[in-house]
Amino acid sequence: MAKSDRLVPPDRQTVIYEALEAIGGDSLRNLFDHLREAYTYDEIKIVRAIWQNEKEP
């Protein structure tokens, strides 16, 4: 189990990843709104940090 899985369940991570791929990670507010406020800012920030780290060369 990845450390992030203890913070954000994998099924919730998947939905956030999909939102990040769809609209990008520039704005937490846009992600929060896109996810219809069903996810916390903390969950979004954690997954966005992992996503951004994976995107770096």
# chains A, B, ... in the order shown; residues from 1 in each chain; ligands from 1

call {"tool": "select_by_dssp", "arguments": {"residues": "chain A", "states": "alpha helix (DSSP H)", "output": "JSON, numbers by chain"}}
result
{"A": [3, 4, 5, 6, 7, 10, 11, 12, 13, 14, 15, 16, 17, 18, 19, 20, 21, 22, 23, 28, 29, 30, 31, 32, 33, 34, 41, 42, 43, 44, 45, 46, 47, 48, 49, 50, 51, 52, 53, 54, 55]}

call {"tool": "write_last_selection", "arguments": {"atoms": "N, CA and C atoms", "output": "compact mmCIF listing (two decimals), in the first residue's frame"}}
result
# COMPACT_ATOMS: atom_id res chain seq x y z
N LYS A 3 1.93 5.10 0.55
CA LYS A 3 1.64 6.04 1.65
C LYS A 3 0.45 6.92 1.32
N SER A 4 0.36 7.33 0.05
CA SER A 4 -0.76 8.20 -0.34
C SER A 4 -2.10 7.49 -0.20
N ASP A 5 -2.10 6.16 -0.31
CA ASP A 5 -3.36 5.40 -0.18
C ASP A 5 -3.92 5.49 1.23
N ARG A 6 -3.06 5.75 2.20
CA ARG A 6 -3.54 5.91 3.58
C ARG A 6 -4.17 7.28 3.77
N LEU A 7 -3.76 8.24 2.96
CA LEU A 7 -4.27 9.61 3.07
C LEU A 7 -5.51 9.82 2.21
N PRO A 10 -7.61 4.92 -2.88
CA PRO A 10 -7.30 4.81 -4.32
C PRO A 10 -8.46 5.17 -5.24
N ASP A 11 -9.69 4.80 -4.88
CA ASP A 11 -10.82 5.13 -5.75
C ASP A 11 -11.03 6.64 -5.83
N ARG A 12 -10.78 7.34 -4.75
CA ARG A 12 -10.90 8.81 -4.75
C ARG A 12 -9.74 9.43 -5.52
N GLN A 13 -8.55 8.83 -5.41
CA GLN A 13 -7.39 9.32 -6.16
C GLN A 13 -7.67 9.25 -7.66
N THR A 14 -8.27 8.16 -8.10
CA THR A 14 -8.55 7.96 -9.52
C THR A 14 -9.41 9.08 -10.08
N VAL A 15 -10.45 9.45 -9.36
CA VAL A 15 -11.35 10.51 -9.83
C VAL A 15 -10.60 11.85 -9.88
N ILE A 16 -9.77 12.10 -8.89
CA ILE A 16 -9.01 13.35 -8.87
C ILE A 16 -7.99 13.36 -10.03
N TYR A 17 -7.32 12.23 -10.27
CA TYR A 17 -6.40 12.14 -11.40
C TYR A 17 -7.12 12.46 -12.71
N GLU A 18 -8.32 11.90 -12.87
CA GLU A 18 -9.09 12.14 -14.09
C GLU A 18 -9.41 13.63 -14.24
N ALA A 19 -9.75 14.28 -13.15
CA ALA A 19 -10.03 15.72 -13.19
C ALA A 19 -8.76 16.50 -13.55
N LEU A 20 -7.63 16.09 -12.98
CA LEU A 20 -6.37 16.76 -13.30
C LEU A 20 -6.03 16.64 -14.78
N GLU A 21 -6.24 15.46 -15.34
CA GLU A 21 -5.96 15.25 -16.76
C GLU A 21 -6.93 16.06 -17.62
N ALA A 22 -8.16 16.21 -17.16
CA ALA A 22 -9.18 16.92 -17.93
C ALA A 22 -8.98 18.43 -17.93
N ILE A 23 -8.68 19.00 -16.76
CA ILE A 23 -8.64 20.46 -16.67
C ILE A 23 -7.30 21.03 -16.20
N LEU A 28 -6.63 25.10 -7.74
CA LEU A 28 -7.34 24.22 -6.80
C LEU A 28 -8.84 24.48 -6.83
N ARG A 29 -9.20 25.75 -6.93
CA ARG A 29 -10.63 26.10 -6.93
C ARG A 29 -11.34 25.48 -8.13
N ASN A 30 -10.71 25.54 -9.31
CA ASN A 30 -11.33 24.93 -10.49
C ASN A 30 -11.48 23.42 -10.32
N LEU A 31 -10.48 22.78 -9.74
CA LEU A 31 -10.57 21.34 -9.49
C LEU A 31 -11.69 21.04 -8.49
N PHE A 32 -11.73 21.81 -7.42
CA PHE A 32 -12.75 21.65 -6.39
C PHE A 32 -14.15 21.78 -7.00
N ASP A 33 -14.34 22.80 -7.82
CA ASP A 33 -15.63 23.00 -8.48
C ASP A 33 -15.93 21.88 -9.48
N HIS A 34 -14.91 21.48 -10.26
CA HIS A 34 -15.08 20.41 -11.24
C HIS A 34 -15.52 19.11 -10.57
N TYR A 41 -10.17 19.94 -0.17
CA TYR A 41 -8.98 20.59 -0.70
C TYR A 41 -7.73 19.78 -0.35
N ASP A 42 -7.69 19.20 0.86
CA ASP A 42 -6.52 18.40 1.25
C ASP A 42 -6.34 17.20 0.33
N GLU A 43 -7.43 16.50 0.02
CA GLU A 43 -7.34 15.36 -0.90
C GLU A 43 -6.82 15.81 -2.26
N ILE A 44 -7.38 16.90 -2.75
CA ILE A 44 -6.97 17.41 -4.06
C ILE A 44 -5.50 17.82 -4.05
N LYS A 45 -5.07 18.49 -2.99
CA LYS A 45 -3.66 18.94 -2.91
C LYS A 45 -2.70 17.75 -2.88
N ILE A 46 -3.04 16.71 -2.13
CA ILE A 46 -2.18 15.53 -2.03
C ILE A 46 -2.04 14.87 -3.39
N VAL A 47 -3.16 14.61 -4.04
CA VAL A 47 -3.12 13.93 -5.34
C VAL A 47 -2.47 14.83 -6.40
N ARG A 48 -2.74 16.12 -6.34
CA ARG A 48 -2.13 17.05 -7.32
C ARG A 48 -0.61 17.05 -7.15
N ALA A 49 -0.11 17.00 -5.93
CA ALA A 49 1.33 16.98 -5.69
C ALA A 49 1.96 15.73 -6.30
N ILE A 50 1.31 14.59 -6.13
CA ILE A 50 1.81 13.33 -6.70
C ILE A 50 1.78 13.42 -8.23
N TRP A 51 0.67 13.92 -8.76
CA TRP A 51 0.48 14.05 -10.21
C TRP A 51 1.55 14.97 -10.80
N GLN A 52 1.81 16.11 -10.15
CA GLN A 52 2.82 17.05 -10.64
C GLN A 52 4.21 16.43 -10.58
N ASN A 53 4.49 15.67 -9.53
CA ASN A 53 5.78 15.01 -9.39
C ASN A 53 5.99 13.99 -10.50
N GLU A 54 4.94 13.28 -10.87
CA GLU A 54 5.03 12.29 -11.95
C GLU A 54 5.23 12.95 -13.31
N LYS A 55 4.74 14.17 -13.46
CA LYS A 55 4.83 14.89 -14.73
C LYS A 55 6.21 15.49 -14.97
